[in-house]
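query35.cif (mmCIF, C-alpha atoms)
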```cif
data_final
#
loop_
_atom_site.group_PDB
_atom_site.id
_atom_site.type_symbol
_atom_site.label_atom_id
_atom_site.label_comp_id
_atom_site.auth_asym_id
_atom_site.auth_seq_id
_atom_site.Cartn_x
_atom_site.Cartn_y
_atom_site.Cartn_z
ATOM 1 C CA MET A 1195 43.832 -44.939 -24.746
ATOM 2 C CA THR A 1196 43.150 -41.817 -22.685
ATOM 3 C CA LYS A 1197 45.635 -42.930 -19.993
ATOM 4 C CA ARG A 1198 48.325 -43.502 -22.624
ATOM 5 C CA ARG A 1199 47.670 -40.098 -24.148
ATOM 6 C CA SER A 1200 47.860 -38.473 -20.729
ATOM 7 C CA LEU A 1201 51.181 -40.215 -19.963
ATOM 8 C CA PHE A 1202 52.604 -39.127 -23.301
ATOM 9 C CA LEU A 1203 51.573 -35.515 -22.740
ATOM 10 C CA LEU A 1204 53.084 -35.633 -19.267
ATOM 11 C CA LEU A 1205 56.417 -36.855 -20.661
ATOM 12 C CA VAL A 1206 56.437 -34.154 -23.345
ATOM 13 C CA PHE A 1207 55.602 -31.490 -20.783
ATOM 14 C CA GLY A 1208 58.412 -32.728 -18.489
ATOM 15 C CA LEU A 1209 60.878 -32.687 -21.385
ATOM 16 C CA ILE A 1210 59.887 -29.115 -22.251
ATOM 17 C CA ILE A 1211 60.333 -28.009 -18.659
ATOM 18 C CA GLY A 1212 63.725 -29.782 -18.404
ATOM 19 C CA CYS A 1213 65.014 -28.150 -21.594
ATOM 20 C CA GLY A 1214 63.762 -24.797 -20.433
ATOM 21 C CA LEU A 1215 65.437 -25.233 -17.070
ATOM 22 C CA LEU A 1216 68.704 -26.277 -18.770
ATOM 23 C CA PHE A 1217 68.518 -23.258 -21.079
ATOM 24 C CA TRP A 1218 67.838 -20.994 -18.112
ATOM 25 C CA LEU A 1219 70.803 -22.401 -16.216
ATOM 26 C CA ARG A 1220 73.105 -21.994 -19.207
ATOM 27 C CA SER A 1221 71.924 -18.479 -19.892
ATOM 28 C CA SER A 1222 72.048 -17.323 -16.273
ATOM 29 C CA PRO A 1223 74.961 -14.973 -15.440
ATOM 30 C CA VAL A 1224 77.988 -16.572 -13.732
ATOM 31 C CA GLU A 1225 81.230 -15.165 -12.368
ATOM 32 C CA SER A 1226 84.792 -15.930 -13.456
ATOM 33 C CA ASP A 1227 88.256 -14.782 -12.331
ATOM 34 C CA LEU A 1228 90.746 -13.573 -14.960
ATOM 35 C CA SER A 1229 94.386 -12.434 -14.905
ATOM 36 C CA ILE A 1230 94.699 -9.586 -17.390
ATOM 37 C CA PRO A 1231 98.127 -8.237 -18.475
ATOM 38 C CA ILE A 1232 98.802 -4.531 -17.963
ATOM 39 C CA LYS A 1233 99.718 -2.575 -21.081
ATOM 40 C CA LEU A 1234 101.392 0.797 -20.489
ATOM 41 C CA GLU A 1235 100.770 3.206 -23.361
ATOM 42 C CA ASN A 1236 101.881 6.636 -24.569
ATOM 43 C CA LEU A 1237 104.856 7.130 -22.233
ATOM 44 C CA PRO A 1238 106.606 10.357 -23.325
ATOM 45 C CA ALA A 1239 109.850 9.690 -25.205
ATOM 46 C CA ASP A 1240 111.994 11.551 -22.667
ATOM 47 C CA LEU A 1241 110.773 9.458 -19.697
ATOM 48 C CA ILE A 1242 111.496 5.907 -18.574
ATOM 49 C CA ILE A 1243 109.919 3.495 -16.068
ATOM 50 C CA VAL A 1244 112.371 2.322 -13.403
ATOM 51 C CA GLY A 1245 112.114 -0.945 -11.493
ATOM 52 C CA HIS A 1246 109.606 -3.755 -11.941
ATOM 53 C CA PRO A 1247 106.071 -2.459 -12.479
ATOM 54 C CA LEU A 1248 103.066 -4.687 -11.848
ATOM 55 C CA LYS A 1249 102.451 -7.037 -14.775
ATOM 56 C CA GLU A 1250 98.830 -8.144 -14.256
ATOM 57 C CA VAL A 1251 95.580 -7.291 -12.496
ATOM 58 C CA GLU A 1252 93.116 -9.843 -11.166
ATOM 59 C CA VAL A 1253 89.565 -9.198 -12.393
ATOM 60 C CA THR A 1254 86.290 -10.903 -11.479
ATOM 61 C CA VAL A 1255 83.769 -10.626 -14.315
ATOM 62 C CA ARG A 1256 80.114 -11.595 -14.621
ATOM 63 C CA GLY A 1257 78.201 -12.732 -17.682
ATOM 64 C CA ARG A 1258 76.684 -15.664 -19.491
ATOM 65 C CA GLU A 1259 78.835 -18.795 -19.649
ATOM 66 C CA THR A 1260 79.143 -18.719 -23.431
ATOM 67 C CA ALA A 1261 80.213 -15.081 -23.368
ATOM 68 C CA LEU A 1262 82.782 -15.760 -20.653
ATOM 69 C CA LYS A 1263 84.291 -18.624 -22.647
ATOM 70 C CA THR A 1264 84.641 -16.302 -25.632
ATOM 71 C CA LEU A 1265 86.224 -13.650 -23.411
ATOM 72 C CA GLN A 1266 88.767 -16.089 -21.988
ATOM 73 C CA ALA A 1267 89.850 -17.020 -25.508
ATOM 74 C CA GLU A 1268 90.483 -13.374 -26.425
ATOM 75 C CA LYS A 1269 93.654 -11.377 -25.701
ATOM 76 C CA ARG A 1270 92.601 -8.553 -23.393
ATOM 77 C CA PHE A 1271 94.729 -5.887 -21.742
ATOM 78 C CA CYS A 1272 94.426 -3.479 -18.867
ATOM 79 C CA LEU A 1273 95.264 -0.256 -20.727
ATOM 80 C CA ILE A 1274 97.086 2.432 -18.733
ATOM 81 C CA ASP A 1275 97.561 5.783 -20.485
ATOM 82 C CA LEU A 1276 100.804 7.523 -19.440
ATOM 83 C CA ALA A 1277 100.554 10.500 -21.775
ATOM 84 C CA ASP A 1278 100.274 13.043 -18.952
ATOM 85 C CA VAL A 1279 102.740 11.637 -16.406
ATOM 86 C CA GLU A 1280 105.891 13.424 -15.252
ATOM 87 C CA ALA A 1281 109.156 12.264 -13.695
ATOM 88 C CA SER A 1282 108.092 11.245 -10.177
ATOM 89 C CA LEU A 1283 106.553 8.424 -8.164
ATOM 90 C CA VAL A 1284 103.130 8.080 -9.829
ATOM 91 C CA THR A 1285 100.068 6.214 -8.525
ATOM 92 C CA LEU A 1286 97.414 5.465 -11.139
ATOM 93 C CA THR A 1287 93.886 4.227 -10.441
ATOM 94 C CA VAL A 1288 92.655 1.108 -12.232
ATOM 95 C CA THR A 1289 88.957 1.228 -13.123
ATOM 96 C CA GLU A 1290 86.527 -0.319 -15.579
ATOM 97 C CA PHE A 1291 87.638 2.397 -17.999
ATOM 98 C CA ASN A 1292 91.044 0.680 -18.200
ATOM 99 C CA LEU A 1293 89.451 -2.712 -18.799
ATOM 100 C CA PRO A 1294 87.139 -2.515 -21.814
ATOM 101 C CA MET A 1295 84.809 -5.520 -21.900
ATOM 102 C CA PRO A 1296 82.474 -6.786 -24.626
ATOM 103 C CA LYS A 1297 78.738 -6.242 -24.325
ATOM 104 C CA GLY A 1298 77.116 -8.542 -21.801
ATOM 105 C CA ILE A 1299 80.201 -8.780 -19.551
ATOM 106 C CA SER A 1300 80.375 -6.694 -16.374
ATOM 107 C CA ILE A 1301 83.268 -6.225 -13.952
ATOM 108 C CA VAL A 1302 82.561 -7.228 -10.351
ATOM 109 C CA ARG A 1303 85.965 -6.702 -8.729
ATOM 110 C CA ILE A 1304 89.452 -5.398 -9.661
ATOM 111 C CA ASN A 1305 92.577 -6.193 -7.660
ATOM 112 C CA PRO A 1306 94.594 -4.075 -7.193
ATOM 113 C CA THR A 1307 92.662 -0.907 -7.850
ATOM 114 C CA SER A 1308 95.822 1.149 -8.385
ATOM 115 C CA ILE A 1309 99.410 0.711 -9.569
ATOM 116 C CA THR A 1310 102.499 2.719 -8.615
ATOM 117 C CA LEU A 1311 105.263 3.522 -11.100
ATOM 118 C CA ARG A 1312 108.627 5.189 -10.583
ATOM 119 C CA ILE A 1313 109.193 7.361 -13.623
ATOM 120 C CA GLU A 1314 112.483 9.137 -14.263
ATOM 121 C CA ARG A 1315 113.857 11.317 -16.997
ATOM 122 C CA LYS A 1316 115.633 9.335 -19.723
ATOM 123 C CA GLN A 1317 119.121 10.257 -20.938
ATOM 124 C CA THR A 1318 121.481 8.939 -23.598
ATOM 125 C CA LYS A 1319 125.264 8.808 -23.625
ATOM 126 C CA THR A 1320 128.082 7.090 -25.507
ATOM 127 C CA VAL A 1321 130.498 4.896 -23.545
ATOM 128 C CA PRO A 1322 133.455 2.674 -24.523
ATOM 129 C CA VAL A 1323 133.112 -1.100 -24.685
ATOM 130 C CA ASN A 1324 135.539 -3.072 -22.509
ATOM 131 C CA ILE A 1325 136.367 -6.705 -23.329
ATOM 132 C CA ALA A 1326 136.298 -8.742 -20.100
ATOM 133 C CA LEU A 1327 138.958 -11.479 -20.248
ATOM 134 C CA THR A 1328 139.576 -14.125 -17.600
ATOM 135 C CA ASP A 1329 142.189 -16.858 -17.004
ATOM 136 C CA SER A 1330 145.622 -17.145 -18.607
ATOM 137 C CA PRO A 1331 146.466 -18.187 -22.177
ATOM 138 C CA ALA A 1332 148.371 -21.360 -22.965
ATOM 139 C CA PRO A 1333 151.957 -21.352 -21.618
ATOM 140 C CA GLY A 1334 154.243 -19.320 -23.882
ATOM 141 C CA TYR A 1335 151.455 -17.209 -25.414
ATOM 142 C CA LYS A 1336 150.182 -13.691 -24.805
ATOM 143 C CA ILE A 1337 147.539 -11.306 -26.118
ATOM 144 C CA SER A 1338 148.771 -9.055 -28.923
ATOM 145 C CA LEU A 1339 145.464 -7.324 -29.768
ATOM 146 C CA THR A 1340 141.913 -6.979 -28.467
ATOM 147 C CA LEU A 1341 139.259 -5.250 -30.526
ATOM 148 C CA ALA A 1342 135.533 -4.744 -29.940
ATOM 149 C CA THR A 1343 133.184 -3.849 -32.806
ATOM 150 C CA PRO A 1344 131.541 -1.496 -32.080
ATOM 151 C CA SER A 1345 134.166 -0.033 -29.757
ATOM 152 C CA THR A 1346 131.603 2.371 -28.265
ATOM 153 C CA LEU A 1347 127.876 2.075 -27.659
ATOM 154 C CA ARG A 1348 125.165 4.684 -27.295
ATOM 155 C CA ILE A 1349 122.907 3.739 -24.386
ATOM 156 C CA SER A 1350 119.650 5.015 -22.898
ATOM 157 C CA GLY A 1351 118.382 4.814 -19.353
ATOM 158 C CA PRO A 1352 117.502 6.693 -16.176
ATOM 159 C CA GLU A 1353 119.597 9.816 -15.720
ATOM 160 C CA LYS A 1354 120.857 8.777 -12.273
ATOM 161 C CA VAL A 1355 121.926 5.343 -13.508
ATOM 162 C CA LEU A 1356 123.751 6.654 -16.573
ATOM 163 C CA GLU A 1357 125.743 9.098 -14.434
ATOM 164 C CA GLN A 1358 127.474 6.097 -12.826
ATOM 165 C CA ILE A 1359 128.382 4.312 -16.083
ATOM 166 C CA ASP A 1360 131.810 5.097 -17.582
ATOM 167 C CA GLN A 1361 132.148 1.947 -19.690
ATOM 168 C CA LEU A 1362 130.358 -1.271 -20.568
ATOM 169 C CA ALA A 1363 131.834 -4.739 -20.130
ATOM 170 C CA THR A 1364 131.177 -7.813 -22.242
ATOM 171 C CA GLN A 1365 130.286 -11.125 -20.732
ATOM 172 C CA PRO A 1366 133.548 -12.712 -19.417
ATOM 173 C CA ILE A 1367 135.627 -14.550 -22.029
ATOM 174 C CA SER A 1368 137.942 -17.283 -20.746
ATOM 175 C CA LEU A 1369 141.435 -17.502 -22.282
ATOM 176 C CA LYS A 1370 142.323 -20.708 -20.464
ATOM 177 C CA ASP A 1371 144.820 -22.685 -22.606
ATOM 178 C CA VAL A 1372 144.073 -20.482 -25.652
ATOM 179 C CA SER A 1373 146.948 -20.215 -28.153
ATOM 180 C CA GLU A 1374 145.156 -19.167 -31.351
ATOM 181 C CA SER A 1375 143.531 -15.883 -32.354
ATOM 182 C CA PHE A 1376 139.723 -15.857 -32.508
ATOM 183 C CA LYS A 1377 136.598 -13.795 -33.127
ATOM 184 C CA LYS A 1378 133.226 -14.275 -31.469
ATOM 185 C CA GLU A 1379 129.962 -12.433 -30.881
ATOM 186 C CA ILE A 1380 129.117 -11.841 -27.246
ATOM 187 C CA THR A 1381 126.513 -9.859 -25.321
ATOM 188 C CA LEU A 1382 127.182 -6.825 -23.189
ATOM 189 C CA ASP A 1383 126.376 -6.660 -19.497
ATOM 190 C CA LEU A 1384 123.915 -3.769 -19.270
ATOM 191 C CA PRO A 1385 122.735 -2.483 -15.885
ATOM 192 C CA GLU A 1386 119.060 -2.903 -15.048
ATOM 193 C CA GLY A 1387 116.899 -0.357 -16.825
ATOM 194 C CA VAL A 1388 119.566 0.459 -19.424
ATOM 195 C CA THR A 1389 119.259 -0.424 -23.113
ATOM 196 C CA SER A 1390 121.138 0.423 -26.247
ATOM 197 C CA ALA A 1391 119.873 3.544 -27.991
ATOM 198 C CA ALA A 1392 118.424 1.169 -30.584
ATOM 199 C CA GLY A 1393 116.288 -0.400 -27.854
ATOM 200 C CA SER A 1394 118.100 -3.713 -27.272
ATOM 201 C CA ALA A 1395 118.599 -4.876 -23.683
ATOM 202 C CA ASN A 1396 121.244 -7.408 -24.802
ATOM 203 C CA PRO A 1397 123.278 -5.808 -27.616
ATOM 204 C CA LEU A 1398 125.871 -7.960 -29.374
ATOM 205 C CA VAL A 1399 129.527 -7.035 -29.818
ATOM 206 C CA LEU A 1400 132.022 -8.711 -32.147
ATOM 207 C CA VAL A 1401 135.150 -9.419 -30.106
ATOM 208 C CA GLN A 1402 138.522 -10.073 -31.740
ATOM 209 C CA VAL A 1403 141.433 -11.410 -29.685
ATOM 210 C CA ASN A 1404 144.808 -11.951 -31.362
ATOM 211 C CA MET A 1405 147.329 -14.275 -29.715
ATOM 212 C CA GLU A 1406 151.062 -14.521 -30.333
ATOM 213 C CA GLU A 1407 153.941 -16.444 -28.874
ATOM 214 C CA ASN A 1408 155.603 -14.732 -25.949
ATOM 215 C CA ILE A 1409 159.031 -13.484 -27.087
ATOM 216 C CA ILE A 1410 161.648 -13.373 -24.347
ATOM 217 C CA ILE A 1411 165.409 -12.953 -23.945
ATOM 218 C CA ARG A 1412 167.256 -15.736 -22.185
ATOM 219 C CA ARG A 1413 170.873 -16.096 -21.147
ATOM 220 C CA PHE A 1414 172.703 -19.374 -21.642
ATOM 221 C CA ALA A 1415 175.789 -19.401 -19.428
ATOM 222 C CA ASP A 1416 179.093 -21.236 -19.634
ATOM 223 C CA ILE A 1417 178.914 -22.319 -23.254
ATOM 224 C CA PRO A 1418 182.313 -23.837 -24.225
ATOM 225 C CA VAL A 1419 184.211 -21.885 -26.876
ATOM 226 C CA GLU A 1420 185.669 -24.255 -29.478
ATOM 227 C CA SER A 1421 188.541 -23.820 -31.917
ATOM 228 C CA ARG A 1422 188.192 -24.917 -35.539
ATOM 229 C CA ASN A 1423 190.318 -25.360 -38.646
ATOM 230 C CA THR A 1424 193.766 -25.707 -37.041
ATOM 231 C CA ALA A 1425 196.179 -28.599 -36.436
ATOM 232 C CA PHE A 1426 197.995 -26.866 -33.600
ATOM 233 C CA GLN A 1427 197.406 -27.008 -29.877
ATOM 234 C CA VAL A 1428 195.148 -24.115 -28.930
ATOM 235 C CA LYS A 1429 194.312 -22.455 -25.652
ATOM 236 C CA ILE A 1430 191.299 -20.084 -25.468
ATOM 237 C CA ALA A 1431 190.890 -17.734 -22.528
ATOM 238 C CA PRO A 1432 188.439 -17.573 -21.011
ATOM 239 C CA PRO A 1433 187.188 -20.987 -22.105
ATOM 240 C CA MET A 1434 183.478 -20.214 -21.616
ATOM 241 C CA ILE A 1435 181.008 -17.626 -22.952
ATOM 242 C CA ASP A 1436 177.591 -16.396 -21.817
ATOM 243 C CA ILE A 1437 175.180 -15.868 -24.702
ATOM 244 C CA ASP A 1438 171.899 -13.893 -24.700
ATOM 245 C CA VAL A 1439 169.345 -14.952 -27.315
ATOM 246 C CA ARG A 1440 165.794 -13.902 -28.234
ATOM 247 C CA GLY A 1441 162.966 -16.238 -29.220
ATOM 248 C CA SER A 1442 159.576 -17.574 -28.272
ATOM 249 C CA GLU A 1443 159.226 -18.764 -24.716
ATOM 250 C CA LYS A 1444 158.285 -22.212 -25.968
ATOM 251 C CA ALA A 1445 161.268 -22.474 -28.338
ATOM 252 C CA LEU A 1446 163.760 -21.308 -25.724
ATOM 253 C CA ALA A 1447 162.375 -23.734 -23.158
ATOM 254 C CA ASN A 1448 163.191 -26.582 -25.543
ATOM 255 C CA LEU A 1449 166.628 -25.262 -26.495
ATOM 256 C CA SER A 1450 169.600 -27.499 -25.636
ATOM 257 C CA GLU A 1451 172.721 -25.667 -24.472
ATOM 258 C CA THR A 1452 174.996 -28.465 -25.600
ATOM 259 C CA ASP A 1453 173.372 -29.413 -28.912
ATOM 260 C CA ASP A 1454 171.694 -26.256 -30.231
ATOM 261 C CA ILE A 1455 174.069 -23.420 -29.253
ATOM 262 C CA LYS A 1456 177.620 -23.404 -30.505
ATOM 263 C CA ALA A 1457 180.433 -20.845 -30.024
ATOM 264 C CA TYR A 1458 183.677 -21.268 -31.945
ATOM 265 C CA ILE A 1459 186.695 -19.364 -33.255
ATOM 266 C CA ASP A 1460 187.820 -20.043 -36.808
ATOM 267 C CA LEU A 1461 191.638 -20.302 -36.884
ATOM 268 C CA THR A 1462 192.012 -20.972 -40.601
ATOM 269 C CA GLY A 1463 195.472 -19.907 -41.807
ATOM 270 C CA LEU A 1464 196.765 -18.730 -38.421
ATOM 271 C CA ALA A 1465 200.359 -19.585 -37.450
ATOM 272 C CA PRO A 1466 201.438 -20.171 -33.866
ATOM 273 C CA GLY A 1467 201.161 -17.042 -31.752
ATOM 274 C CA VAL A 1468 198.755 -15.080 -29.577
ATOM 275 C CA TYR A 1469 195.639 -13.522 -31.070
ATOM 276 C CA ALA A 1470 192.547 -11.604 -29.989
ATOM 277 C CA ARG A 1471 189.476 -12.979 -31.699
ATOM 278 C CA ARG A 1472 185.657 -12.719 -31.553
ATOM 279 C CA PRO A 1473 183.788 -16.028 -31.561
ATOM 280 C CA GLN A 1474 181.131 -17.000 -34.045
ATOM 281 C CA ILE A 1475 177.765 -18.157 -32.702
ATOM 282 C CA THR A 1476 175.451 -20.701 -34.332
ATOM 283 C CA LEU A 1477 171.788 -20.868 -33.284
ATOM 284 C CA PRO A 1478 168.688 -22.779 -34.443
ATOM 285 C CA VAL A 1479 166.273 -21.183 -36.930
ATOM 286 C CA GLY A 1480 163.917 -18.748 -35.199
ATOM 287 C CA ILE A 1481 166.389 -17.885 -32.425
ATOM 288 C CA THR A 1482 168.093 -14.485 -32.625
ATOM 289 C CA TYR A 1483 171.482 -13.547 -31.176
ATOM 290 C CA VAL A 1484 171.341 -10.595 -28.753
ATOM 291 C CA GLY A 1485 174.800 -10.389 -27.205
ATOM 292 C CA ALA A 1486 177.594 -12.245 -25.416
ATOM 293 C CA LYS A 1487 180.101 -11.819 -22.625
ATOM 294 C CA PRO A 1488 182.994 -11.631 -23.052
ATOM 295 C CA GLU A 1489 183.027 -10.435 -26.646
ATOM 296 C CA VAL A 1490 186.743 -10.918 -27.330
ATOM 297 C CA PHE A 1491 188.885 -13.940 -26.431
ATOM 298 C CA THR A 1492 192.640 -14.504 -26.221
ATOM 299 C CA VAL A 1493 193.699 -17.365 -28.468
ATOM 300 C CA THR A 1494 197.155 -18.911 -27.910
ATOM 301 C CA ILE A 1495 198.324 -21.229 -30.706
ATOM 302 C CA ASP A 1496 201.292 -23.395 -29.678
ATOM 303 C CA PRO A 1497 203.816 -24.545 -32.300
#
```

Encoded form using structure tokens:
Amino acid sequence: MTKRRSLFLLLVFGLIIGCGLLFWLRSSPVESDLSIPIKLENLPADLIIVGHPLKEVEVTVRGRETALKTLQAEKRFCLIDLADVEASLVTLTVTEFNLPMPKGISIVRINPTSITLRIERKQTKTVPVNIALTDSPAPGYKISLTLATPSTLRISGPEKVLEQIDQLATQPISLKDVSESFKKEITLDLPEGVTSAAGSANPLVLVQVNMEENIIIRRFADIPVESRNTAFQVKIAPPMIDIDVRGSEKALANLSETDDIKAYIDLTGLAPGVYARRPQITLPVGITYVGAKPEVFTVTIDP
């Protein structure tokens, strides 16, 4: 019975020691590496950061495992106060002061220990918005109106950059095979470091493009001049006429000289003799008469 009691006590003692050792291991400080985002604060309103500042610092911290797990689950920042900076190339030291940690967590290493920022004076200006169009519309069509809303935009950015900006262009809009008017929202191409005065890096513009058929003037040559409403033999000199007409490029391309354009002289009631007469011209709907050569013809009516 004594041996059994001794064995039992030995097992209990071993279990106590094992639990204690496990507790000691779990409560002993360990190290962990973290990437902590940099948060720049209190930049004066008349200054702007140019370029691509460092986004994160690498930090090695030390503490109990449970505390480190809690820390990793939290959103922590490396806080950099810019309240006292001026327009220049500024190097700022990163210390434990910039990385507040909860009680029980200590910082072992910080990398890098400083960050460099290029800070310039911020300006604002108003510039026109230019609609960037590419490619050609459908055959026979042209642009009749382009309109951007807003037509101007107030922008903010580094003084040296804004000095070089006279206008802002939209993203390119293709007009390939376009024949109908349209409206669409599209972003502006802003140079790096420039935003709208409202703070947007990708401001939207409503673009309106109106299309219309291309109106041209075309000459149709050597159209026969006919005589009408007479039973006599008639001779017309010259026998041909050149006619200029106006219409859409598409309509004129499909116009038939022999079927769609007619030139004739009405001889109703005229007796045999020689006359000077102007011809009458018939054209399809949508086609407008511009002029003709010659304008007057000699008509000889034989008895």

Top pick for closest residue to Asp1453 of chain A, considering A:Leu1400, A:Leu1477, A:Ala1392, A:Val1419 and counting only C-alpha atoms = A:Leu1477

key: Explicit residue set for the PyMOL selection byres ((chain A and resi 1378) around 10), as a list in words   =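 Answer for the PyMOL selection byres ((chain A and resi 1378) around 10): Ala1342, Ile1367, Phe1376, Lys1377, Glu1379, Ile1380, Leu1398, Val1399, Leu1400, Val1401, Gln1402 and Val1403 of chain A.
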
key: Contact residues around Glu1407 of chain A with all atoms listed in the file at 8 Å, ignoring same-chain residues under 2 positions, as a ChimeraX atom specification   = /A:1334-1336,1373,1405,1409,1442-1444

Just to be explicit: take each residue in the selection above, keep C-alpha atoms, and write the result as a PDB file, keeping the file's coordinate frame.
```pdb
ATOM      1  CA  GLY A1334     154.243 -19.320 -23.882  1.00  0.00           C
ATOM      2  CA  TYR A1335     151.455 -17.209 -25.414  1.00  0.00           C
ATOM      3  CA  LYS A1336     150.182 -13.691 -24.805  1.00  0.00           C
ATOM      4  CA  SER A1373     146.948 -20.215 -28.153  1.00  0.00           C
ATOM      5  CA  MET A1405     147.329 -14.275 -29.715  1.00  0.00           C
ATOM      6  CA  ILE A1409     159.031 -13.484 -27.087  1.00  0.00           C
ATOM      7  CA  SER A1442     159.576 -17.574 -28.272  1.00  0.00           C
ATOM      8  CA  GLU A1443     159.226 -18.764 -24.716  1.00  0.00           C
ATOM      9  CA  LYS A1444     158.285 -22.212 -25.968  1.00  0.00           C
TER      10      LYS A1444
END
```

key: Selection under test: the PyMOL selection byres ((chain A and resi 1483) around 6); residues as a PyMOL selection string   = chain A and resi 1439+1482+1484

ask   = Quick one, how far is atom CA of Thr1289 of chain A from atom CA of Glu1268 of chain A?
value =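 Taking atom CA of Thr1289 of chain A as the start and atom CA of Glu1268 of chain A as the end point, the length is 19.8 Å.
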
request  = Name the closest residue to Ile1410 of chain A among the candidates A:Ala1395, A:Ala1447, A:Leu1347, A:Ile1337; distances are taken between atoms, counting only C-alpha atoms.
outcome  =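 Answer, going by the shortest atom-to-atom distance: A:Ala1447.
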
request  = State, in Å with one decimal place, the distance from atom CA of Ile1495 of chain A to atom CA of Pro1473 of chain A.
outcome  = 15.5 Å

query = So which residues get picked by the PyMOL selection byres ((chain A and resi 1434-1436) around 6) here, written as a list of chain:residue names?
reply = A:Phe1414, A:Ala1415, A:Asp1416, A:Ile1417, A:Pro1418, A:Val1419, A:Pro1432, A:Pro1433, A:Ile1437, A:Ala1486, A:Lys1487

Those residues you just picked out, can you put them in a file as a JSON list (two decimals), keeping the file's coordinate frame with C-alpha atoms?
```json
[["chain", "number", "residue", "atom", "x", "y", "z"],
["A", 1414, "PHE", "CA", 172.70, -19.37, -21.64],
["A", 1415, "ALA", "CA", 175.79, -19.40, -19.43],
["A", 1416, "ASP", "CA", 179.09, -21.24, -19.63],
["A", 1417, "ILE", "CA", 178.91, -22.32, -23.25],
["A", 1418, "PRO", "CA", 182.31, -23.84, -24.22],
["A", 1419, "VAL", "CA", 184.21, -21.88, -26.88],
["A", 1432, "PRO", "CA", 188.44, -17.57, -21.01],
["A", 1433, "PRO", "CA", 187.19, -20.99, -22.10],
["A", 1437, "ILE", "CA", 175.18, -15.87, -24.70],
["A", 1486, "ALA", "CA", 177.59, -12.24, -25.42],
["A", 1487, "LYS", "CA", 180.10, -11.82, -22.62]]
```

query = Can you tell me how far atom CA of Leu1276 of chain A sits from atom CA of His1246 of chain A, in Å to one decimal?
reply = 16.2 Å

ask   = Which residue, A:Leu1356, A:Ala1239, A:Cys1272, A:Ala1363, has the smallest gap to Ile1304 of chain A when you use all atoms listed in the file?
value =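 Once distances to Ile1304 of chain A are computed over all atoms listed in the file, the minimum belongs to A:Cys1272.
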
Can you build me a table of segment 1243-1277 of chain A residues sitting at most 12 Å from segment 1229-1234 of chain A, with the closest atom pair per residue and its distance in Å to one decimal, using only C-alpha atoms, sorted by chain and residue number, as CSV?
```
residue,atom,partner,partner_atom,distance
A:Ile1243,CA,A:Leu1234,CA,10.0
A:Pro1247,CA,A:Ile1232,CA,9.3
A:Leu1248,CA,A:Ile1232,CA,7.5
A:Lys1249,CA,A:Ile1232,CA,5.5
A:Glu1250,CA,A:Pro1231,CA,4.3
A:Val1251,CA,A:Ile1230,CA,5.5
A:Glu1252,CA,A:Ser1229,CA,4.7
A:Val1253,CA,A:Ser1229,CA,6.3
A:Thr1254,CA,A:Ser1229,CA,8.9
A:Val1255,CA,A:Ser1229,CA,10.8
A:Leu1265,CA,A:Ile1230,CA,11.2
A:Gln1266,CA,A:Ser1229,CA,9.8
A:Glu1268,CA,A:Ile1230,CA,10.7
A:Lys1269,CA,A:Ile1230,CA,8.6
A:Arg1270,CA,A:Ile1230,CA,6.4
A:Phe1271,CA,A:Pro1231,CA,5.3
A:Cys1272,CA,A:Ile1232,CA,4.6
A:Leu1273,CA,A:Lys1233,CA,5.0
A:Ile1274,CA,A:Leu1234,CA,4.9
A:Asp1275,CA,A:Leu1234,CA,6.3
A:Leu1276,CA,A:Leu1234,CA,6.8
A:Ala1277,CA,A:Leu1234,CA,9.8
```

query = When distances are computed from all atoms listed in the file, which of A:Leu1446, A:Asp1438, A:Asp1454, A:Ile1325 shows the smallest separation from Gly1485 of chain A?
reply =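 The closest residue to Gly1485 of chain A is A:Asp1438.
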
message = Give me, as JSON, numbers by chain, all polymer residues having an atom no more than 7 Å from Thr1381 of chain A, counting all atoms listed in the file and skipping those fewer than 2 positions away in the same chain.
response = {"A": [1364, 1365, 1383, 1396, 1397, 1398, 1399]}

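Remark: for Gly1298 of chain A, the closest of the candidate residues A:Ser1222, A:Thr1328, A:Thr1492, A:Thr1320 is A:Ser1222 (distances computed over only C-alpha atoms).
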
Best match for closeness to Leu1311 of chain A among A:Ala1326, A:Val1372, A:Ala1332, A:Val1244, counting only C-alpha atoms =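 Using only C-alpha atoms, the shortest distance to Leu1311 of chain A belongs to A:Val1244.
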
message = Residues near Gly1351 of chain A, anyone? I mean within 12 Å using all atoms listed in the file, not counting same-chain ones fewer than 2 positions away, as a PyMOL selection string.
response = chain A and resi 1239-1245+1313-1320+1348-1349+1353-1359+1384-1395

Edge lengths and centre, in Å to one decimal, as AutoDock Vina command-line options: that's what I need for the box along x, y and z that holds all listed atoms of segment 1342-1347 of chain A plus 6 Å on each side.
```
--center_x 131.7 --center_y -1.2 --center_z -30.2 --size_x 19.7 --size_y 19.1 --size_z 17.1
```
